[in-house]
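Participant: First the structure, then my questions, so here it is.
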Amino acid sequence: MKSGSRLEKVLESGAFSVTAELGPPQNANVESVKKKAKHCIGNVEAANVTDNQTAIVRMSSIAAGVIALECGLEPVIQMVCRDRNRIAMQSDILGAAALGLKNLLCLSGDHQVFGNHPDAKGVYDIDSMQLIAMVKQMRDEKTFLCGDEIKECEPKFFIGAAANPFADPFEFRVMRLAKKIEAGADFIQTQCIFDIEKFEKWMKLVVAEGLHKKVYITAGLTPVRSERALKYMKNNVAGISVPDELIARMEKAKDKEEKMEEGIKICLETIEAVKNMEGVAGIHLMPIGWESVTPTILERAGLLPRPKV
Amino acid sequence: MIVADRKPLEEILESIKDFDKIVLMGCGGCVTICFSGGAKSVELLASQIKIARKKQGKEIEIIECTPERQCEFEYIDPCKEKFESVPVVLSIACGVGVQTMNERHPDTITIPGLNTKFMGYPVEHALWEERCAGCGNCLLEWTGGVCPIARCAKKLLNGPCGGSSDGKCEVDKEIDCVWQIIYDRLKKLNKLENLTAVRKPKDWRTSTSAGQRKVEFKEAML
Ligand code: SF4
Ligand code: SF4
């Protein structure tokens with residue numbers, strides 16, 4: 001065991017894993033973290049606690065992660081390269097480990113121009129690849145990035161990374177995954193999948209390279225309840241592929257209820273599809289602003305109860 | 001070359017509002033090429049200022065001069081008699097020119113009329129793009145001669161982020177994703193293997209993070 005986290009144990013056991021996402025509030029309200037955690041407790045292995053996602057200031061991922069942990073939800077702490085240099089990152093990695101956190105997802109981060117402080121100086125001292133390698137070095141070699149020894153209590157994280165099969169250049173995406181594995185990634189969460197065909201094409205290349213045997217790949221899913229959300233992502237979020245057919249399906253649904261049901265159905269179909277693909281070790285649910293749907297989807301997908309490990 | 005852009009006229013007018021006589025000093029170097037600070041720009045800006053000031057009923061006398069380069073003593077010193085008796089020089093050279101003037105001629109205040117932007121070149125007529133951030137440890141050798149430090153919004157060293165789409169950067173569809181360019185170039189050169197190894201974190205001391213840098217050419221020292 002690298003970290004002994006529940007997520008690691010479930011994936012090690014060979015069971016199909018489920019993770020979800022918890023966005024910290026734009027304030028210091030403990031209750032709102034707890035409320036969001038409720039939808040996840042007992043239903044998922046762990047939940048990503050996002051790190052100022054879309055570059056909007058929120059409660060720190062480590063702080064919100066500790067609150068989640070205290071209510072019985074294992075967090076996956078996200079860490080982006082946008083806001084901290086290598087000194088601050090290593091310091092937070094030690095702090096997170098000291099507070100009992102065990103999963104860390106290493107990301108470049110959404111660029112600051114998208115957030116509520118577009119005038120901020122982006123740090124980008126190291127990149128996500130180098131962050132993965134640094135967390136691994138701290139864990140396995142018990143040294144800091146500079147080479148100094150970590151004399152005791154080295155931080156032991158189950159190291160996560162992102163992969164986006166829908167970004168360009170497509171041919172590089174498998175190579176980039178291989179690099180992340182080489183750097184030290186233990187598990188992967190993909191960008192949300194709407195374009196099953198393209199995802200499958202990518203997965204086949206991954207399997208052909210044998211990469212699925214070196215890392216746990218979990219498929220990212222975002223249930224939506226309106227065509228508006230899909231259109232928004234299609235037109236405004238770089239590196240997401242949304243087939244028109246899905247938009248048409250959502251448009252066909254008449255009212256709010258029907259649209260919700262259609263959104264759930266699309267998500268369930270995608271779960272079914274990725275479950276049957278070689279090399280997919282689990283799913284990662286990202287219901288943006290619709291956290292309450294998590295238990296429903298998991299129940300209907302037959303993914304509850306979660307395995308005991 | 002160094003690429004600079006003129007400050008808005010209002011800002012320039014505000015910065016010289018207390019003076020009724022100034023020297024407007026251009027530069028015959030990079031800023032002449034990028035149409036922001038050469039003799040022609042000096043002439044144009046001088047007339048714009050004069051018109052604006054006339055409207056305000058506060059006429060101004062402007063002495064024009066454009067040394068070959070504003071960043072070397074030997075070129076600015078001969079202009080001395082022009083600015084000696086004038087309290088302020090409005091410089092439309094790059095930031096280096098402004099500082100050279102202030103250091104060499106501290107009794108005259110030299111203020112900037114340009115915003116100095118980057119090192120780059122004209123990719124087409126009248127369009128300049130950034131190419132080098134002066135990081136002090138050039139890595140163009142393995143990137144196919146394309147710079148991710150100056151051109152990637154996240155200064156990534158290990159390939160494109162997840163926001164690269166159709167060759168464009170996630171930050172702005174008007175900006176090319178430099179990692180797409182690097183990828184294509186290395187593919188053409190049959191050198192994609194340059195991208196397989198995990199590149200180590202960069203040592204930023206050679207860049208601006210360890211204080212002002214110097215270059216000494218020992219052989220040429222007197
Ligand atoms: S690697 Fe550094 S020195 Fe070379 S072009 Fe880029 S910024 Fe300039
Ligand atoms: S899209 Fe390309 S240029 Fe823009 S930040 Fe990502 S890798 Fe860098």
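Quick note on naming: the chains in the structure tokens go A, B, ... in the order shown, residues restart at 1 in each chain, and ligands are numbered from 1 in order of appearance.
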Give me every helix (DSSP H, G or I) residue in region 81-275 of chain A, going by DSSP on the backbone, as a ChimeraX atom specification.

Facilitator: /A:86-98,112-114,128-141,170-183,196-208,211-213,227-236,244-252,256-275

Participant: Compute the set of protein, DNA and RNA residues whose minimum atom distance to ligand 1 is at most 7 Å, using only C-alpha atoms and all ligand atoms, and state it as a PDB file with N, CA, C and O atoms, in the first residue's frame.

Facilitator:
ATOM      1  N   ARG B 131       8.269  36.172 -28.568  1.00  0.00           N
ATOM      2  CA  ARG B 131       9.006  34.950 -28.823  1.00  0.00           C
ATOM      3  C   ARG B 131       9.958  34.551 -27.703  1.00  0.00           C
ATOM      4  O   ARG B 131      10.293  33.404 -27.562  1.00  0.00           O
ATOM      5  N   CYS B 132      10.480  35.494 -26.949  1.00  0.00           N
ATOM      6  CA  CYS B 132      11.461  35.132 -25.926  1.00  0.00           C
ATOM      7  C   CYS B 132      11.206  35.931 -24.661  1.00  0.00           C
ATOM      8  O   CYS B 132      10.908  37.117 -24.709  1.00  0.00           O
ATOM      9  N   ALA B 133      11.286  35.242 -23.512  1.00  0.00           N
ATOM     10  CA  ALA B 133      11.063  35.912 -22.232  1.00  0.00           C
ATOM     11  C   ALA B 133      12.382  36.131 -21.492  1.00  0.00           C
ATOM     12  O   ALA B 133      12.381  36.468 -20.316  1.00  0.00           O
ATOM     13  N   GLY B 134      13.498  35.891 -22.184  1.00  0.00           N
ATOM     14  CA  GLY B 134      14.802  36.112 -21.561  1.00  0.00           C
ATOM     15  C   GLY B 134      14.993  35.284 -20.294  1.00  0.00           C
ATOM     16  O   GLY B 134      15.424  35.806 -19.276  1.00  0.00           O
ATOM     17  N   CYS B 135      14.661  33.999 -20.378  1.00  0.00           N
ATOM     18  CA  CYS B 135      14.703  33.177 -19.162  1.00  0.00           C
ATOM     19  C   CYS B 135      16.117  32.862 -18.712  1.00  0.00           C
ATOM     20  O   CYS B 135      16.333  32.336 -17.627  1.00  0.00           O
ATOM     21  N   GLY B 136      17.098  33.148 -19.573  1.00  0.00           N
ATOM     22  CA  GLY B 136      18.486  32.978 -19.145  1.00  0.00           C
ATOM     23  C   GLY B 136      19.042  31.563 -19.250  1.00  0.00           C
ATOM     24  O   GLY B 136      20.177  31.309 -18.841  1.00  0.00           O
ATOM     25  N   ASN B 137      18.237  30.647 -19.741  1.00  0.00           N
ATOM     26  CA  ASN B 137      18.743  29.282 -19.942  1.00  0.00           C
ATOM     27  C   ASN B 137      17.939  28.670 -21.075  1.00  0.00           C
ATOM     28  O   ASN B 137      16.949  27.989 -20.855  1.00  0.00           O
ATOM     29  N   CYS B 138      18.383  28.947 -22.269  1.00  0.00           N
ATOM     30  CA  CYS B 138      17.573  28.669 -23.457  1.00  0.00           C
ATOM     31  C   CYS B 138      17.403  27.173 -23.702  1.00  0.00           C
ATOM     32  O   CYS B 138      18.361  26.417 -23.679  1.00  0.00           O
ATOM     33  N   LEU B 139      16.170  26.773 -23.905  1.00  0.00           N
ATOM     34  CA  LEU B 139      15.896  25.357 -24.112  1.00  0.00           C
ATOM     35  C   LEU B 139      15.381  25.055 -25.512  1.00  0.00           C
ATOM     36  O   LEU B 139      14.859  23.977 -25.782  1.00  0.00           O
ATOM     37  N   LEU B 140      15.557  26.009 -26.425  1.00  0.00           N
ATOM     38  CA  LEU B 140      15.012  25.830 -27.775  1.00  0.00           C
ATOM     39  C   LEU B 140      15.582  24.606 -28.498  1.00  0.00           C
ATOM     40  O   LEU B 140      14.959  24.100 -29.431  1.00  0.00           O
ATOM     41  N   CYS B 147       9.493  28.414 -28.319  1.00  0.00           N
ATOM     42  CA  CYS B 147       9.661  28.654 -26.883  1.00  0.00           C
ATOM     43  C   CYS B 147       8.377  28.555 -26.053  1.00  0.00           C
ATOM     44  O   CYS B 147       7.478  29.389 -26.175  1.00  0.00           O
ATOM     45  N   PRO B 148       8.315  27.554 -25.152  1.00  0.00           N
ATOM     46  CA  PRO B 148       7.141  27.434 -24.288  1.00  0.00           C
ATOM     47  C   PRO B 148       7.181  28.399 -23.099  1.00  0.00           C
ATOM     48  O   PRO B 148       6.151  28.669 -22.486  1.00  0.00           O
ATOM     49  N   ILE B 149       8.340  28.926 -22.778  1.00  0.00           N
ATOM     50  CA  ILE B 149       8.431  29.835 -21.629  1.00  0.00           C
ATOM     51  C   ILE B 149       7.745  31.156 -21.980  1.00  0.00           C
ATOM     52  O   ILE B 149       6.948  31.676 -21.224  1.00  0.00           O
ATOM     53  N   ALA B 150       8.059  31.657 -23.154  1.00  0.00           N
ATOM     54  CA  ALA B 150       7.466  32.935 -23.555  1.00  0.00           C
ATOM     55  C   ALA B 150       6.043  32.771 -24.076  1.00  0.00           C
ATOM     56  O   ALA B 150       5.245  33.693 -23.994  1.00  0.00           O
TER      57      ALA B 150
END

Participant: Restrict the distance test to only C-alpha atoms, flag each residue of chain A within 8 Å of chain B, and return the flagged residues as a PyMOL selection string.

Facilitator: chain A and resi 82+108+111+113-114+122+124-127+129-130+163-164+167-169+172+175-176+179+182-183+237-239

Participant: What's around region 190-201 of chain A at 6 Å? Count only C-alpha atoms, leave out sequence neighbours fewer than 6 positions away in its own chain, and write the answer as a PyMOL selection string.

Facilitator: chain A and resi 162-164+219-222+241-243

Participant: Take the residues that were just selected and, keeping C-alpha atoms, output them as a PDB file, in the first residue's frame.

Facilitator:
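The resulting file, out_35.pdb, is shown below:
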ATOM      1  CA  ALA A 162      -5.804  14.084 -14.977  1.00  0.00           C
ATOM      2  CA  ALA A 163      -5.962  12.996 -18.592  1.00  0.00           C
ATOM      3  CA  ASN A 164      -7.948  14.660 -21.312  1.00  0.00           C
ATOM      4  CA  ALA A 219     -13.656   7.763 -16.438  1.00  0.00           C
ATOM      5  CA  GLY A 220     -14.940  11.282 -15.788  1.00  0.00           C
ATOM      6  CA  LEU A 221     -18.693  11.840 -16.078  1.00  0.00           C
ATOM      7  CA  THR A 222     -20.800  14.956 -15.774  1.00  0.00           C
ATOM      8  CA  SER A 241     -16.143  17.210 -26.935  1.00  0.00           C
ATOM      9  CA  VAL A 242     -19.970  17.269 -26.918  1.00  0.00           C
ATOM     10  CA  PRO A 243     -21.770  15.419 -29.737  1.00  0.00           C
TER      11      PRO A 243
END

Participant: Could you pull the residues within 10 Å of region 111-113 of chain B, counting only C-alpha atoms, minus those fewer than 2 positions along the same chain, as JSON, numbers by chain?

Facilitator: {"B": [4, 5, 6, 7, 8, 9, 11, 12, 13, 15, 16, 24, 25, 26, 36, 37, 45, 88, 89, 90, 91, 92, 93, 94, 95, 97, 98, 99, 101, 102, 108, 109, 115, 116]}

Participant: List the spatial neighbours of Thr296 (chain A) as a PDB file with N, CA, C and O atoms, in the first residue's frame - criterion: any atom at most 12 Å away, only C-alpha atoms, same-chain residues fewer than 4 positions off excluded.

Facilitator:
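Output saved as out_12.pdb:
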ATOM      1  N   HIS A  39     -24.122  13.987   0.284  1.00  0.00           N
ATOM      2  CA  HIS A  39     -24.509  13.233  -0.906  1.00  0.00           C
ATOM      3  C   HIS A  39     -23.498  12.140  -1.241  1.00  0.00           C
ATOM      4  O   HIS A  39     -23.786  11.230  -1.995  1.00  0.00           O
ATOM      5  N   CYS A  40     -22.319  12.280  -0.680  1.00  0.00           N
ATOM      6  CA  CYS A  40     -21.241  11.366  -1.057  1.00  0.00           C
ATOM      7  C   CYS A  40     -20.958  10.300  -0.001  1.00  0.00           C
ATOM      8  O   CYS A  40     -20.544   9.189  -0.335  1.00  0.00           O
ATOM      9  N   ASN A  43     -21.439   6.596  -0.334  1.00  0.00           N
ATOM     10  CA  ASN A  43     -21.796   6.276  -1.719  1.00  0.00           C
ATOM     11  C   ASN A  43     -20.605   6.208  -2.663  1.00  0.00           C
ATOM     12  O   ASN A  43     -20.716   5.710  -3.774  1.00  0.00           O
ATOM     13  N   PRO A 223     -23.154  14.490 -15.239  1.00  0.00           N
ATOM     14  CA  PRO A 223     -24.573  14.492 -15.585  1.00  0.00           C
ATOM     15  C   PRO A 223     -25.059  15.923 -15.746  1.00  0.00           C
ATOM     16  O   PRO A 223     -24.646  16.807 -14.993  1.00  0.00           O
ATOM     17  N   MET A 260     -34.223  16.319 -16.575  1.00  0.00           N
ATOM     18  CA  MET A 260     -33.418  15.689 -15.535  1.00  0.00           C
ATOM     19  C   MET A 260     -33.293  14.196 -15.801  1.00  0.00           C
ATOM     20  O   MET A 260     -32.218  13.626 -15.722  1.00  0.00           O
ATOM     21  N   GLU A 261     -34.415  13.598 -16.126  1.00  0.00           N
ATOM     22  CA  GLU A 261     -34.426  12.159 -16.371  1.00  0.00           C
ATOM     23  C   GLU A 261     -33.545  11.815 -17.579  1.00  0.00           C
ATOM     24  O   GLU A 261     -32.790  10.850 -17.546  1.00  0.00           O
ATOM     25  N   GLY A 263     -31.010  13.507 -18.662  1.00  0.00           N
ATOM     26  CA  GLY A 263     -29.623  13.709 -18.253  1.00  0.00           C
ATOM     27  C   GLY A 263     -29.098  12.515 -17.472  1.00  0.00           C
ATOM     28  O   GLY A 263     -27.971  12.061 -17.682  1.00  0.00           O
ATOM     29  N   ILE A 264     -29.944  12.003 -16.575  1.00  0.00           N
ATOM     30  CA  ILE A 264     -29.551  10.826 -15.793  1.00  0.00           C
ATOM     31  C   ILE A 264     -29.363   9.631 -16.727  1.00  0.00           C
ATOM     32  O   ILE A 264     -28.386   8.889 -16.625  1.00  0.00           O
ATOM     33  N   LYS A 265     -30.280   9.485 -17.651  1.00  0.00           N
ATOM     34  CA  LYS A 265     -30.201   8.356 -18.602  1.00  0.00           C
ATOM     35  C   LYS A 265     -28.903   8.401 -19.397  1.00  0.00           C
ATOM     36  O   LYS A 265     -28.237   7.385 -19.578  1.00  0.00           O
ATOM     37  N   CYS A 267     -26.154   9.749 -18.581  1.00  0.00           N
ATOM     38  CA  CYS A 267     -25.056   9.423 -17.689  1.00  0.00           C
ATOM     39  C   CYS A 267     -24.986   7.913 -17.448  1.00  0.00           C
ATOM     40  O   CYS A 267     -23.917   7.313 -17.478  1.00  0.00           O
ATOM     41  N   LEU A 268     -26.167   7.293 -17.217  1.00  0.00           N
ATOM     42  CA  LEU A 268     -26.194   5.848 -16.974  1.00  0.00           C
ATOM     43  C   LEU A 268     -25.697   5.074 -18.194  1.00  0.00           C
ATOM     44  O   LEU A 268     -24.953   4.096 -18.069  1.00  0.00           O
ATOM     45  N   LEU A 285     -17.467  10.961 -10.882  1.00  0.00           N
ATOM     46  CA  LEU A 285     -18.674  11.762 -11.152  1.00  0.00           C
ATOM     47  C   LEU A 285     -18.459  13.222 -10.812  1.00  0.00           C
ATOM     48  O   LEU A 285     -18.051  13.552  -9.702  1.00  0.00           O
ATOM     49  N   PRO A 287     -20.939  16.103 -10.992  1.00  0.00           N
ATOM     50  CA  PRO A 287     -22.219  16.765 -11.296  1.00  0.00           C
ATOM     51  C   PRO A 287     -22.144  18.233 -10.873  1.00  0.00           C
ATOM     52  O   PRO A 287     -22.472  18.582  -9.756  1.00  0.00           O
ATOM     53  N   TRP A 290     -25.038  20.000  -9.151  1.00  0.00           N
ATOM     54  CA  TRP A 290     -26.150  19.057  -9.050  1.00  0.00           C
ATOM     55  C   TRP A 290     -25.709  17.829  -8.240  1.00  0.00           C
ATOM     56  O   TRP A 290     -25.953  16.694  -8.614  1.00  0.00           O
ATOM     57  N   GLU A 291     -25.040  18.127  -7.131  1.00  0.00           N
ATOM     58  CA  GLU A 291     -24.446  17.068  -6.318  1.00  0.00           C
ATOM     59  C   GLU A 291     -25.470  16.053  -5.830  1.00  0.00           C
ATOM     60  O   GLU A 291     -25.160  14.882  -5.642  1.00  0.00           O
ATOM     61  N   SER A 292     -26.718  16.528  -5.630  1.00  0.00           N
ATOM     62  CA  SER A 292     -27.731  15.648  -5.051  1.00  0.00           C
ATOM     63  C   SER A 292     -28.077  14.464  -5.954  1.00  0.00           C
ATOM     64  O   SER A 292     -28.703  13.507  -5.516  1.00  0.00           O
ATOM     65  N   ARG A 300     -29.058   3.647  -9.467  1.00  0.00           N
ATOM     66  CA  ARG A 300     -29.618   3.111 -10.716  1.00  0.00           C
ATOM     67  C   ARG A 300     -28.574   2.422 -11.579  1.00  0.00           C
ATOM     68  O   ARG A 300     -28.904   1.609 -12.431  1.00  0.00           O
ATOM     69  N   ALA A 301     -27.306   2.773 -11.366  1.00  0.00           N
ATOM     70  CA  ALA A 301     -26.244   2.111 -12.142  1.00  0.00           C
ATOM     71  C   ALA A 301     -25.832   0.802 -11.477  1.00  0.00           C
ATOM     72  O   ALA A 301     -24.950   0.090 -11.971  1.00  0.00           O
ATOM     73  N   GLY A 302     -26.466   0.500 -10.350  1.00  0.00           N
ATOM     74  CA  GLY A 302     -26.124  -0.735  -9.642  1.00  0.00           C
ATOM     75  C   GLY A 302     -24.765  -0.665  -8.972  1.00  0.00           C
ATOM     76  O   GLY A 302     -24.089  -1.678  -8.783  1.00  0.00           O
ATOM     77  N   LEU A 303     -24.342   0.544  -8.647  1.00  0.00           N
ATOM     78  CA  LEU A 303     -23.009   0.684  -8.042  1.00  0.00           C
ATOM     79  C   LEU A 303     -23.085   0.842  -6.524  1.00  0.00           C
ATOM     80  O   LEU A 303     -22.087   1.136  -5.874  1.00  0.00           O
ATOM     81  N   LEU A 304     -24.266   0.658  -5.970  1.00  0.00           N
ATOM     82  CA  LEU A 304     -24.411   0.727  -4.508  1.00  0.00           C
ATOM     83  C   LEU A 304     -24.878  -0.643  -4.007  1.00  0.00           C
ATOM     84  O   LEU A 304     -25.626  -1.321  -4.709  1.00  0.00           O
TER      85      LEU A 304
END

Participant: Tell me, in Å to one decimal, how far CA of Lys214 (chain B) is from CA of Gln70 (chain B).

Facilitator: 19.2 Å

Participant: If you measure from CA of Ile159 (chain A) to CA of Asn103 (chain A), what distance in Å do you get, rounded to one decimal?

Facilitator: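 That distance, rounded to one decimal, is 6.1 Å.
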
Participant: Assign secondary structure with DSSP using the backbone only, and return the residues of region 31-217 of chain B in strand (DSSP E or B) as a PyMOL selection string.

Facilitator: chain B and resi 61-65+88-91+109-112+114-124+127-132+165+168-169+172-176

Participant: Out of A:Leu99, A:Gly109, A:Arg58, A:Leu22, which residue has the shortest atom-to-atom distance to ligand 2 when counting only C-alpha atoms and all ligand atoms?

Facilitator: A:Gly109

Participant: Excluding Glu59 (chain B) and any residue of its chain fewer than 6 positions from it, enumerate the residues within 8 Å of it, using only C-alpha atoms, and give them as a PyMOL selection string.

Facilitator: chain B and resi 20+50+53

Participant: Just the number, please: distance in Å from CA of Ile132 (chain A) to CA of Cys106 (chain A), one decimal.

Facilitator: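 Atom-to-atom, CA of Ile132 (chain A) and CA of Cys106 (chain A) are spaced 6.0 Å apart.
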